[in-house]
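Trainee: Input entry.cif, format and content: mmCIF, C-alpha atoms and all ligand atoms.
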data_start
#
loop_
_atom_site.label_atom_id
_atom_site.label_comp_id
_atom_site.auth_asym_id
_atom_site.auth_seq_id
_atom_site.Cartn_x
_atom_site.Cartn_y
_atom_site.Cartn_z
CA MET G 1 -141.94 48.59 22.38
CA THR G 2 -139.52 50.76 20.46
CA ASP G 3 -136.20 49.34 21.59
CA ASN G 4 -134.60 47.98 18.44
CA ARG G 5 -132.35 45.69 20.45
CA ALA G 6 -135.36 43.88 21.87
CA SER G 7 -135.36 41.51 18.93
CA ALA G 8 -132.52 39.04 18.70
CA LYS G 9 -133.18 38.66 15.00
CA ARG G 10 -133.28 42.39 14.28
CA GLY G 11 -129.95 42.75 16.05
CA GLU G 12 -128.15 40.08 14.14
CA LYS G 13 -126.29 40.44 10.88
CA VAL G 14 -127.64 38.19 8.18
CA ASP G 15 -125.10 36.78 5.75
CA HIS G 16 -126.54 36.85 2.27
CA GLY G 17 -123.36 35.62 0.66
CA GLY G 18 -122.71 38.90 -1.07
CA SER G 19 -125.68 38.43 -3.39
CA TYR G 20 -128.11 40.31 -1.20
CA THR G 21 -130.19 42.69 -3.29
CA GLY G 22 -132.76 43.81 -0.76
CA ALA G 23 -131.47 47.35 -0.38
CA HIS G 24 -133.20 48.66 -3.46
CA VAL G 25 -136.61 47.52 -2.28
CA ALA G 26 -136.36 49.69 0.80
CA GLY G 27 -138.08 53.05 0.67
CA PRO G 28 -137.01 56.18 2.48
CA GLY G 29 -137.12 55.72 6.24
CA LEU G 30 -137.16 51.94 6.03
CA ASP G 31 -134.07 50.06 7.19
CA THR G 32 -133.73 46.56 5.70
CA SER G 33 -129.95 46.46 6.01
CA HIS G 34 -130.19 43.06 7.73
CA GLY G 35 -132.03 41.64 4.74
CA VAL G 36 -135.30 41.21 6.62
CA ILE G 37 -138.28 43.43 5.81
CA LEU G 38 -140.84 42.06 8.27
CA TYR G 39 -140.34 40.86 11.83
CA VAL G 40 -143.35 39.34 13.59
CA GLU G 41 -142.23 38.03 16.96
CA ASN G 42 -144.25 36.26 19.64
CA VAL G 43 -147.48 37.85 18.49
CA THR G 44 -150.67 36.79 20.21
CA VAL G 45 -154.13 38.03 19.24
CA SER G 46 -157.09 36.85 21.29
CA PHE G 47 -160.78 37.20 20.50
CA ASP G 48 -162.85 36.48 23.61
CA GLY G 49 -160.10 34.25 24.98
CA PHE G 50 -159.66 32.38 21.67
CA ARG G 51 -156.14 32.76 20.27
CA ALA G 52 -156.35 33.59 16.57
CA LEU G 53 -152.57 34.09 16.67
CA ASP G 54 -150.67 32.19 19.33
CA ALA G 55 -147.15 33.47 20.04
CA LEU G 56 -146.57 33.62 16.28
CA THR G 57 -143.06 34.32 15.03
CA PHE G 58 -142.71 34.96 11.32
CA TYR G 59 -140.10 36.74 9.16
CA LEU G 60 -140.01 37.91 5.56
CA ASP G 61 -136.78 38.65 3.71
CA ALA G 62 -136.67 41.80 1.60
CA GLY G 63 -137.58 40.98 -1.97
CA GLU G 64 -138.99 37.51 -1.38
CA LEU G 65 -142.27 36.02 -2.53
CA ARG G 66 -143.92 33.94 0.20
CA CYS G 67 -147.08 31.90 0.20
CA LEU G 68 -149.12 31.60 3.35
CA ILE G 69 -151.39 28.56 3.47
CA GLY G 70 -153.35 26.71 6.12
CA PRO G 71 -156.88 25.63 7.03
CA ASN G 72 -159.73 28.07 7.58
CA GLY G 73 -159.35 29.78 10.91
CA ALA G 74 -155.56 29.27 10.99
CA GLY G 75 -155.03 33.02 11.44
CA LYS G 76 -153.90 34.05 7.95
CA THR G 77 -156.22 37.04 7.64
CA THR G 78 -155.56 38.01 11.26
CA LEU G 79 -151.82 38.10 10.51
CA MET G 80 -152.44 40.48 7.59
CA ASP G 81 -154.71 42.56 9.84
CA VAL G 82 -151.89 42.81 12.39
CA ILE G 83 -149.32 43.83 9.76
CA THR G 84 -151.60 46.57 8.39
CA GLY G 85 -152.54 47.87 11.83
CA LYS G 86 -156.21 46.91 11.57
CA THR G 87 -155.83 44.56 14.53
CA ARG G 88 -153.46 45.23 17.42
CA PRO G 89 -151.58 42.33 19.03
CA ASP G 90 -152.14 41.62 22.73
CA THR G 91 -148.48 40.77 23.06
CA GLY G 92 -145.45 40.57 20.80
CA THR G 93 -143.68 42.89 18.37
CA VAL G 94 -144.19 43.71 14.69
CA PHE G 95 -141.46 45.62 12.88
CA PHE G 96 -141.24 46.81 9.29
CA GLY G 97 -137.53 46.69 8.58
CA ASN G 98 -135.25 47.22 11.55
CA ASN G 99 -136.75 50.43 12.64
CA LEU G 100 -140.49 50.88 12.09
CA ASP G 101 -142.63 49.60 14.95
CA LEU G 102 -145.94 48.83 13.23
CA THR G 103 -147.77 48.41 16.53
CA GLN G 104 -147.19 52.12 17.17
CA MET G 105 -148.37 53.32 13.75
CA SER G 106 -151.87 54.02 12.40
CA GLU G 107 -153.24 52.11 9.41
CA TYR G 108 -152.68 55.23 7.32
CA GLU G 109 -149.07 55.62 8.47
CA ILE G 110 -148.41 51.95 7.74
CA ALA G 111 -149.77 52.33 4.20
CA LEU G 112 -147.62 55.44 3.67
CA ALA G 113 -144.56 53.61 4.99
CA GLY G 114 -144.93 51.17 2.09
CA ILE G 115 -147.25 48.30 2.98
CA GLY G 116 -150.03 47.74 0.45
CA ARG G 117 -152.87 45.26 0.77
CA LYS G 118 -155.01 43.81 -1.97
CA PHE G 119 -158.35 42.52 -0.85
CA GLN G 120 -160.30 39.87 -2.72
CA ARG G 121 -162.98 42.18 -4.07
CA PRO G 122 -161.54 44.79 -6.43
CA THR G 123 -162.29 48.39 -5.56
CA ILE G 124 -161.69 49.84 -9.01
CA PHE G 125 -163.80 52.58 -10.58
CA HIS G 126 -165.91 50.81 -13.19
CA GLY G 127 -166.99 53.90 -15.07
CA HIS G 128 -163.42 55.05 -15.63
CA THR G 129 -160.75 53.76 -17.99
CA VAL G 130 -157.79 51.65 -16.99
CA PHE G 131 -155.58 54.71 -17.48
CA GLU G 132 -157.79 56.87 -15.26
CA ASN G 133 -157.86 54.24 -12.52
CA LEU G 134 -154.06 54.03 -12.48
CA GLU G 135 -153.79 57.81 -12.60
CA LEU G 136 -156.12 58.18 -9.65
CA ALA G 137 -154.11 55.67 -7.63
CA MET G 138 -150.94 57.60 -8.43
CA ARG G 139 -152.44 60.92 -7.40
CA THR G 140 -153.35 59.58 -3.98
CA ARG G 141 -149.63 59.03 -3.40
CA LYS G 142 -149.17 62.57 -2.16
CA THR G 143 -145.70 62.07 -0.76
CA VAL G 144 -144.29 61.84 -4.26
CA TRP G 145 -146.71 63.67 -6.53
CA THR G 146 -147.42 66.62 -4.30
CA THR G 147 -149.16 68.84 -6.78
CA LEU G 148 -152.28 67.72 -8.56
CA ARG G 149 -151.56 69.38 -11.86
CA ALA G 150 -154.16 69.10 -14.57
CA LYS G 151 -151.58 67.78 -16.99
CA LEU G 152 -149.51 64.72 -16.21
CA SER G 153 -145.76 64.97 -16.58
CA GLY G 154 -144.00 62.67 -19.01
CA GLU G 155 -142.56 60.81 -16.07
CA GLN G 156 -146.02 60.21 -14.63
CA GLN G 157 -147.32 59.02 -18.01
CA ASP G 158 -144.38 56.62 -18.22
CA SER G 159 -145.07 55.36 -14.74
CA ILE G 160 -148.68 54.57 -15.69
CA SER G 161 -147.62 52.85 -18.92
CA ALA G 162 -144.96 50.80 -17.13
CA THR G 163 -147.48 49.59 -14.56
CA ALA G 164 -150.06 48.84 -17.27
CA GLU G 165 -147.44 46.72 -19.02
CA THR G 166 -146.57 44.88 -15.80
CA ILE G 167 -150.22 43.95 -15.24
CA GLY G 168 -150.77 43.06 -18.90
CA LEU G 169 -153.22 45.88 -19.60
CA LEU G 170 -151.14 48.14 -21.84
CA GLU G 171 -153.47 47.38 -24.76
CA HIS G 172 -156.47 48.24 -22.59
CA LEU G 173 -155.48 51.64 -21.22
CA ASP G 174 -158.54 53.25 -22.80
CA SER G 175 -160.98 50.47 -21.91
CA ARG G 176 -163.62 51.10 -19.30
CA ALA G 177 -162.65 49.15 -16.18
CA GLY G 178 -166.18 47.79 -15.86
CA LEU G 179 -165.80 46.01 -19.18
CA LEU G 180 -162.66 44.08 -18.18
CA SER G 181 -162.76 40.36 -17.39
CA HIS G 182 -162.71 39.27 -13.76
CA GLY G 183 -159.00 38.48 -13.99
CA GLN G 184 -158.16 41.80 -15.64
CA LYS G 185 -160.05 43.65 -12.90
CA GLN G 186 -157.93 41.88 -10.30
CA TRP G 187 -154.76 42.86 -12.15
CA LEU G 188 -155.92 46.46 -12.40
CA GLU G 189 -156.46 46.49 -8.65
CA LEU G 190 -152.94 45.16 -8.22
CA GLY G 191 -151.70 47.85 -10.62
CA MET G 192 -153.42 50.55 -8.57
CA LEU G 193 -151.61 49.23 -5.53
CA LEU G 194 -148.30 49.27 -7.44
CA MET G 195 -148.83 52.93 -8.36
CA GLN G 196 -148.39 53.68 -4.66
CA ALA G 197 -144.94 52.07 -4.81
CA PRO G 198 -145.32 49.74 -1.81
CA GLN G 199 -142.30 47.77 -0.60
CA LEU G 200 -144.41 45.01 0.90
CA LEU G 201 -147.52 43.71 -0.85
CA LEU G 202 -150.11 41.60 0.97
CA VAL G 203 -152.35 39.70 -1.43
CA ASP G 204 -155.36 37.69 -0.21
CA GLU G 205 -156.57 34.90 -2.52
CA PRO G 206 -155.60 36.52 -5.82
CA VAL G 207 -156.77 33.74 -8.13
CA ALA G 208 -160.19 32.96 -6.64
CA GLY G 209 -162.67 32.89 -9.52
CA MET G 210 -160.03 33.20 -12.23
CA THR G 211 -159.78 31.06 -15.34
CA LEU G 212 -156.83 28.70 -15.66
CA GLN G 213 -155.12 31.07 -18.08
CA GLU G 214 -155.68 34.07 -15.80
CA THR G 215 -154.35 32.04 -12.88
CA GLU G 216 -151.17 31.24 -14.78
CA ARG G 217 -150.74 34.85 -15.80
CA THR G 218 -151.21 35.95 -12.18
CA ALA G 219 -148.48 33.55 -11.06
CA GLU G 220 -146.11 35.09 -13.63
CA LEU G 221 -147.09 38.57 -12.52
CA LEU G 222 -146.45 37.91 -8.82
CA VAL G 223 -143.16 36.14 -9.55
CA SER G 224 -142.09 39.16 -11.64
CA LEU G 225 -142.80 41.50 -8.71
CA ALA G 226 -140.51 39.57 -6.36
CA GLY G 227 -137.06 41.09 -6.07
CA THR G 228 -138.23 44.65 -6.51
CA HIS G 229 -141.06 44.05 -4.02
CA THR G 230 -141.67 41.72 -1.12
CA VAL G 231 -144.91 39.79 -1.67
CA LEU G 232 -146.96 37.78 0.83
CA VAL G 233 -149.72 35.75 -0.83
CA VAL G 234 -152.54 33.86 0.90
CA GLU G 235 -154.02 31.26 -1.43
CA HIS G 236 -155.89 27.95 -1.22
CA ASP G 237 -155.21 26.88 -4.81
CA MET G 238 -152.32 24.44 -4.31
CA GLU G 239 -151.53 24.16 -8.02
CA PHE G 240 -151.12 27.92 -8.07
CA VAL G 241 -148.95 27.89 -4.93
CA ARG G 242 -146.78 25.20 -6.50
CA SER G 243 -146.49 27.16 -9.75
CA LEU G 244 -145.13 30.17 -7.85
CA GLY G 245 -142.15 27.99 -6.91
CA HIS G 246 -141.28 29.96 -3.79
CA LYS G 247 -141.15 29.31 -0.04
CA VAL G 248 -144.38 28.32 1.70
CA THR G 249 -145.41 28.87 5.31
CA VAL G 250 -148.17 26.69 6.76
CA LEU G 251 -150.14 28.34 9.51
CA HIS G 252 -152.22 26.28 11.95
CA GLU G 253 -153.99 27.42 15.11
CA GLY G 254 -152.24 30.77 14.99
CA ALA G 255 -148.67 29.48 14.73
CA VAL G 256 -146.26 28.24 12.07
CA LEU G 257 -146.71 24.50 11.53
CA ALA G 258 -144.19 24.08 8.69
CA GLU G 259 -142.08 26.16 6.36
CA GLY G 260 -140.16 25.28 3.22
CA ASN G 261 -140.66 24.60 -0.46
CA MET G 262 -143.95 23.07 -1.60
CA ASN G 263 -142.49 19.58 -2.00
CA ASP G 264 -141.16 19.47 1.56
CA VAL G 265 -144.30 20.98 3.01
CA GLN G 266 -146.51 18.52 1.11
CA LYS G 267 -144.58 15.60 2.57
CA ASP G 268 -144.89 16.88 6.14
CA ARG G 269 -147.22 14.50 8.02
CA ARG G 270 -148.66 17.23 10.23
CA VAL G 271 -149.44 19.39 7.21
CA VAL G 272 -151.16 16.47 5.49
CA GLU G 273 -153.18 15.81 8.65
CA VAL G 274 -154.44 19.32 9.30
CA TYR G 275 -154.64 20.75 5.82
CA LEU G 276 -153.70 19.03 2.62
CA GLY G 277 -155.22 15.60 3.22
CA GLU G 278 -154.04 12.48 1.39
P1 LIG G 301 -157.95 32.42 8.22
O1 LIG G 301 -157.83 33.68 7.46
O2 LIG G 301 -156.68 31.62 8.29
O3 LIG G 301 -159.08 31.57 7.74
P2 LIG G 301 -158.69 34.16 10.40
O4 LIG G 301 -157.47 34.94 10.70
O5 LIG G 301 -159.74 34.83 9.61
O6 LIG G 301 -158.28 32.77 9.74
O7 LIG G 301 -159.35 33.72 11.75
C1 LIG G 301 -158.65 33.05 12.80
C2 LIG G 301 -159.61 32.77 13.92
O8 LIG G 301 -159.94 33.97 14.59
C3 LIG G 301 -160.93 32.17 13.44
O9 LIG G 301 -161.34 31.19 14.38
C4 LIG G 301 -161.87 33.34 13.46
O10 LIG G 301 -163.19 32.93 13.71
C5 LIG G 301 -161.33 34.19 14.58
N1 LIG G 301 -161.55 35.63 14.35
C6 LIG G 301 -161.01 36.36 13.37
N2 LIG G 301 -161.39 37.65 13.45
C7 LIG G 301 -162.23 37.72 14.53
C8 LIG G 301 -162.95 38.78 15.15
N3 LIG G 301 -162.90 40.04 14.70
N4 LIG G 301 -163.70 38.46 16.23
C9 LIG G 301 -163.74 37.21 16.72
N5 LIG G 301 -163.09 36.18 16.18
C10 LIG G 301 -162.32 36.42 15.10
MG MG G 302 -158.84 34.42 5.75
#
If you convert what's in this file into structure tokens, what do you get?
Ligand code: ADP
Ligand code: MG

Mentor:
Amino acid sequence: MTDNRASAKRGEKVDHGGSYTGAHVAGPGLDTSHGVILYVENVTVSFDGFRALDALTFYLDAGELRCLIGPNGAGKTTLMDVITGKTRPDTGTVFFGNNLDLTQMSEYEIALAGIGRKFQRPTIFHGHTVFENLELAMRTRKTVWTTLRAKLSGEQQDSISATAETIGLLEHLDSRAGLLSHGQKQWLELGMLLMQAPQLLLVDEPVAGMTLQETERTAELLVSLAGTHTVLVVEHDMEFVRSLGHKVTVLHEGAVLAEGNMNDVQKDRRVVEVYLGE
């Protein structure tokens, strides 16, 4: 479906009280003028008759940080698969901004349009330095750096340094990636994703296996990305989710069970029953 008027929400003007800052997170070709960067509406995905997503409706505002929680099998990974084009919905619509119909785009086109996904296992190059890994990630972004010149421009060097600083690895630019701690490897992977300048970042269980200190640092990192990026995080570590201090969506049986801040969600009886326990 390509009719933009099909969605009531996409057609409506959202009042952000004049403080709306989403425009700068939109890349070329992406229209987030209504303040919403992702529209998932009435999406159903069935596997052999089982509904992994069941008429799911879910929105993300441009520039927000959102946590997606819920029991195993709730459909969290399937939702990310639908957004990235890996899985196609049986019914429903998925739009990136007002105008990009993700169900009509290939996985590659979706990545180019500005949706980046970080998987749990880092896919960094262990034999190369932090700098080289970031450089490689930048060079794959052909739409911006069209020529693969032997020498990096000052601007490109700056871009690598800025990202290294964001992920806390500025002091480790010359370290071999294979020698980094588990947490640092995860941050490098995130940095490689950032080098592609995505507008929407999907992050699956970022703190699994991290030390407490690394977990805290990751929370700071993700919070710092919000505003200039939209970030959707799936995580089971409730202390971590709480420390992010942003809106939480609870998924259950392929639909939204509850949405709100962590305190509200934790008090919700249905959420306690199906997920959090007493
Ligand atoms: P979560 O990430 O919340 O744990 P998933 O999205 O991975 O949940 O899975 C939702 C449901 O869909 C689960 O019951 C899972 O077994 C099922 N499922 C996911 N992917 C497939 C697939 N490719 N084939 C069959 N069933 C699947
Ligand atoms: Mg999952």

Trainee: Restrict the calculation to all atoms listed in the file, then for each residue of chain G with any atom at most 8 Å from an atom of ligand MG 302 (chain G) give the closest atom pair and their distance in Å to one decimal, rows by chain and rising residue number, as CSV.

Mentor:
residue,atom,partner,partner_atom,distance
G:Asn72,CA,G:MG302,MG,6.7
G:Gly73,CA,G:MG302,MG,7.0
G:Gly75,CA,G:MG302,MG,7.0
G:Lys76,CA,G:MG302,MG,5.4
G:Thr77,CA,G:MG302,MG,4.2
G:Thr78,CA,G:MG302,MG,7.3
G:Asp204,CA,G:MG302,MG,7.6
G:Val234,CA,G:MG302,MG,8.0

Trainee: Let me have all residues with an atom within 12 Å of ligand LIG 301 (chain G), counting all atoms listed in the file, laid out as JSON, numbers by chain.

Mentor: {"G": [44, 45, 46, 47, 48, 49, 50, 51, 52, 53, 54, 68, 69, 70, 71, 72, 73, 74, 75, 76, 77, 78, 79, 80, 81, 82, 86, 87, 88, 204, 205, 233, 234, 235, 236, 249, 250, 251, 252, 253, 254, 255, 256, 275]}

Trainee: Filtering to C-alpha atoms, could you give me those residues as a PDB file, in the coordinates of the input?

Mentor:
ATOM      1  CA  THR G  44    -150.670  36.790  20.210  1.00  0.00           C
ATOM      2  CA  VAL G  45    -154.130  38.030  19.240  1.00  0.00           C
ATOM      3  CA  SER G  46    -157.090  36.850  21.290  1.00  0.00           C
ATOM      4  CA  PHE G  47    -160.780  37.200  20.500  1.00  0.00           C
ATOM      5  CA  ASP G  48    -162.850  36.480  23.610  1.00  0.00           C
ATOM      6  CA  GLY G  49    -160.100  34.250  24.980  1.00  0.00           C
ATOM      7  CA  PHE G  50    -159.660  32.380  21.670  1.00  0.00           C
ATOM      8  CA  ARG G  51    -156.140  32.760  20.270  1.00  0.00           C
ATOM      9  CA  ALA G  52    -156.350  33.590  16.570  1.00  0.00           C
ATOM     10  CA  LEU G  53    -152.570  34.090  16.670  1.00  0.00           C
ATOM     11  CA  ASP G  54    -150.670  32.190  19.330  1.00  0.00           C
ATOM     12  CA  LEU G  68    -149.120  31.600   3.350  1.00  0.00           C
ATOM     13  CA  ILE G  69    -151.390  28.560   3.470  1.00  0.00           C
ATOM     14  CA  GLY G  70    -153.350  26.710   6.120  1.00  0.00           C
ATOM     15  CA  PRO G  71    -156.880  25.630   7.030  1.00  0.00           C
ATOM     16  CA  ASN G  72    -159.730  28.070   7.580  1.00  0.00           C
ATOM     17  CA  GLY G  73    -159.350  29.780  10.910  1.00  0.00           C
ATOM     18  CA  ALA G  74    -155.560  29.270  10.990  1.00  0.00           C
ATOM     19  CA  GLY G  75    -155.030  33.020  11.440  1.00  0.00           C
ATOM     20  CA  LYS G  76    -153.900  34.050   7.950  1.00  0.00           C
ATOM     21  CA  THR G  77    -156.220  37.040   7.640  1.00  0.00           C
ATOM     22  CA  THR G  78    -155.560  38.010  11.260  1.00  0.00           C
ATOM     23  CA  LEU G  79    -151.820  38.100  10.510  1.00  0.00           C
ATOM     24  CA  MET G  80    -152.440  40.480   7.590  1.00  0.00           C
ATOM     25  CA  ASP G  81    -154.710  42.560   9.840  1.00  0.00           C
ATOM     26  CA  VAL G  82    -151.890  42.810  12.390  1.00  0.00           C
ATOM     27  CA  LYS G  86    -156.210  46.910  11.570  1.00  0.00           C
ATOM     28  CA  THR G  87    -155.830  44.560  14.530  1.00  0.00           C
ATOM     29  CA  ARG G  88    -153.460  45.230  17.420  1.00  0.00           C
ATOM     30  CA  ASP G 204    -155.360  37.690  -0.210  1.00  0.00           C
ATOM     31  CA  GLU G 205    -156.570  34.900  -2.520  1.00  0.00           C
ATOM     32  CA  VAL G 233    -149.720  35.750  -0.830  1.00  0.00           C
ATOM     33  CA  VAL G 234    -152.540  33.860   0.900  1.00  0.00           C
ATOM     34  CA  GLU G 235    -154.020  31.260  -1.430  1.00  0.00           C
ATOM     35  CA  HIS G 236    -155.890  27.950  -1.220  1.00  0.00           C
ATOM     36  CA  THR G 249    -145.410  28.870   5.310  1.00  0.00           C
ATOM     37  CA  VAL G 250    -148.170  26.690   6.760  1.00  0.00           C
ATOM     38  CA  LEU G 251    -150.140  28.340   9.510  1.00  0.00           C
ATOM     39  CA  HIS G 252    -152.220  26.280  11.950  1.00  0.00           C
ATOM     40  CA  GLU G 253    -153.990  27.420  15.110  1.00  0.00           C
ATOM     41  CA  GLY G 254    -152.240  30.770  14.990  1.00  0.00           C
ATOM     42  CA  ALA G 255    -148.670  29.480  14.730  1.00  0.00           C
ATOM     43  CA  VAL G 256    -146.260  28.240  12.070  1.00  0.00           C
ATOM     44  CA  TYR G 275    -154.640  20.750   5.820  1.00  0.00           C
TER      45      TYR G 275
END

Trainee: Taking (-157.4, 53.4, -25.2) in the file's coordinates as the center, which residues reach within 12 Å of it, counting all atoms listed in the file, put as a PyMOL selection string?

Mentor: chain G and resi 128-132+161+164+169-177

Trainee: G:Gly209, G:Gly191, G:Gly277, G:Gly35: which is nearest G:Ala137, counting all atoms listed in the file?

Mentor: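 Selected residue with least distance to G:Ala137: G:Gly191.
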
Trainee: Between G:Ile115, G:Val248, G:Leu60, G:Ala162, which is the closest to G:Ala197 once you count only C-alpha atoms?

Mentor: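 With only C-alpha atoms as the atom set, the closest residue is G:Ile115.
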
Trainee: Report the distance between atom CA of G:Ser224 and atom CA of G:Thr166 in Å, rounded to one decimal place.

Mentor: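 We find that atom CA of G:Ser224 and atom CA of G:Thr166 lie 8.4 Å from each other.
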
Trainee: Using all atoms listed in the file, which of G:Leu276, G:Met262, G:Ala208, G:Leu188 sits nearest G:Gly245?

Mentor: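 So, comparing all the options, the nearest one is G:Met262.
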
Trainee: Extract, using all atoms listed in the file, all DNA, RNA and protein residues at most 8 Å from stretch 92-99 of chain G, discarding same-chain residues fewer than 5 positions from it, and format them as a PDB file with C-alpha atoms, in the coordinates of the input.

Mentor:
ATOM      1  CA  MET G   1    -141.940  48.590  22.380  1.00  0.00           C
ATOM      2  CA  ASN G   4    -134.600  47.980  18.440  1.00  0.00           C
ATOM      3  CA  ARG G  10    -133.280  42.390  14.280  1.00  0.00           C
ATOM      4  CA  LEU G  30    -137.160  51.940   6.030  1.00  0.00           C
ATOM      5  CA  ASP G  31    -134.070  50.060   7.190  1.00  0.00           C
ATOM      6  CA  THR G  32    -133.730  46.560   5.700  1.00  0.00           C
ATOM      7  CA  SER G  33    -129.950  46.460   6.010  1.00  0.00           C
ATOM      8  CA  HIS G  34    -130.190  43.060   7.730  1.00  0.00           C
ATOM      9  CA  VAL G  36    -135.300  41.210   6.620  1.00  0.00           C
ATOM     10  CA  ILE G  37    -138.280  43.430   5.810  1.00  0.00           C
ATOM     11  CA  LEU G  38    -140.840  42.060   8.270  1.00  0.00           C
ATOM     12  CA  TYR G  39    -140.340  40.860  11.830  1.00  0.00           C
ATOM     13  CA  VAL G  40    -143.350  39.340  13.590  1.00  0.00           C
ATOM     14  CA  GLU G  41    -142.230  38.030  16.960  1.00  0.00           C
ATOM     15  CA  ASN G  42    -144.250  36.260  19.640  1.00  0.00           C
ATOM     16  CA  VAL G  43    -147.480  37.850  18.490  1.00  0.00           C
ATOM     17  CA  THR G  44    -150.670  36.790  20.210  1.00  0.00           C
ATOM     18  CA  ALA G  55    -147.150  33.470  20.040  1.00  0.00           C
ATOM     19  CA  ILE G  83    -149.320  43.830   9.760  1.00  0.00           C
TER      20      ILE G  83
END

Trainee: Report the distance between atom CA of G:Val203 and atom CA of G:Phe58 in Å, rounded to one decimal place.

Mentor: 16.7 Å

Trainee: For each of G:Pro206, G:Gly178, G:Gly63, G:Gly127, take the minimum atom-to-atom distance to G:Phe240, counting only C-alpha atoms, then give the residue where this is smallest.

Mentor: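 Selected residue with least distance to G:Phe240: G:Pro206.
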
Trainee: Between atom CA of G:Arg66 and atom CA of G:Leu232, what is the spacing in Å?

Mentor: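 According to the coordinates, atom CA of G:Leu232 and atom CA of G:Arg66 are separated by 4.9 Å.
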
Trainee: Could you tell me which of G:Arg269, G:Arg242, G:Arg121, G:Lys151 comes closest to G:Gly183 if we count all atoms listed in the file?

Mentor: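 Looking at the shortest contact to G:Gly183, the residue is G:Arg121.
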
Trainee: Step by step, gather every atom of stretch 235-244 of chain G that the file lists, find the box along x, y and z that holds them, add 8 Å on each side, and finally give centre and edge lengths in Å to one decimal, as AutoDock Vina command-line options.

Mentor:
--center_x -150.5 --center_y 27.7 --center_z -5.5 --size_x 26.8 --size_y 23.1 --size_z 24.5

Trainee: Identify which of the residues G:Leu190, G:Glu216, G:Ile124, G:Lys247 lies closest to G:Asp264, counting all atoms listed in the file when measuring atom-to-atom distances.

Mentor: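 Smallest distance to G:Asp264 is found for G:Lys247.
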
Trainee: For the structure just given, write the atoms of stretch 90-101 of chain G, namely N, CA and C atoms, as a PDB file, in the first residue's frame.

Mentor:
ATOM      1  N   ASP G  90       1.963 -10.188   6.828  1.00  0.00           N
ATOM      2  CA  ASP G  90       0.839 -10.741   6.059  1.00  0.00           C
ATOM      3  C   ASP G  90      -0.160  -9.639   5.773  1.00  0.00           C
ATOM      4  N   THR G  91      -0.391  -8.824   6.788  1.00  0.00           N
ATOM      5  CA  THR G  91      -1.288  -7.674   6.617  1.00  0.00           C
ATOM      6  C   THR G  91      -0.716  -6.502   7.397  1.00  0.00           C
ATOM      7  N   GLY G  92      -1.213  -5.319   7.099  1.00  0.00           N
ATOM      8  CA  GLY G  92      -0.795  -4.130   7.836  1.00  0.00           C
ATOM      9  C   GLY G  92       0.201  -3.290   7.055  1.00  0.00           C
ATOM     10  N   THR G  93       0.538  -2.126   7.618  1.00  0.00           N
ATOM     11  CA  THR G  93       1.436  -1.202   6.934  1.00  0.00           C
ATOM     12  C   THR G  93       2.604  -0.822   7.847  1.00  0.00           C
ATOM     13  N   VAL G  94       3.754  -0.598   7.226  1.00  0.00           N
ATOM     14  CA  VAL G  94       4.955  -0.175   7.958  1.00  0.00           C
ATOM     15  C   VAL G  94       5.581   0.971   7.183  1.00  0.00           C
ATOM     16  N   PHE G  95       5.573   2.163   7.781  1.00  0.00           N
ATOM     17  CA  PHE G  95       6.135   3.331   7.111  1.00  0.00           C
ATOM     18  C   PHE G  95       7.275   3.928   7.910  1.00  0.00           C
ATOM     19  N   PHE G  96       8.313   4.329   7.191  1.00  0.00           N
ATOM     20  CA  PHE G  96       9.440   5.058   7.763  1.00  0.00           C
ATOM     21  C   PHE G  96       9.182   6.524   7.422  1.00  0.00           C
ATOM     22  N   GLY G  97       8.924   7.335   8.438  1.00  0.00           N
ATOM     23  CA  GLY G  97       8.443   8.683   8.169  1.00  0.00           C
ATOM     24  C   GLY G  97       7.086   8.594   7.495  1.00  0.00           C
ATOM     25  N   ASN G  98       6.667   9.720   6.945  1.00  0.00           N
ATOM     26  CA  ASN G  98       5.361   9.787   6.280  1.00  0.00           C
ATOM     27  C   ASN G  98       5.303   9.061   4.965  1.00  0.00           C
ATOM     28  N   ASN G  99       6.493   8.866   4.387  1.00  0.00           N
ATOM     29  CA  ASN G  99       6.497   8.615   2.949  1.00  0.00           C
ATOM     30  C   ASN G  99       7.145   7.327   2.492  1.00  0.00           C
ATOM     31  N   LEU G 100       7.955   6.667   3.333  1.00  0.00           N
ATOM     32  CA  LEU G 100       8.664   5.485   2.844  1.00  0.00           C
ATOM     33  C   LEU G 100       7.967   4.206   3.312  1.00  0.00           C
ATOM     34  N   ASP G 101       7.402   3.486   2.363  1.00  0.00           N
ATOM     35  CA  ASP G 101       6.678   2.254   2.641  1.00  0.00           C
ATOM     36  C   ASP G 101       7.679   1.098   2.735  1.00  0.00           C
TER      37      ASP G 101
END
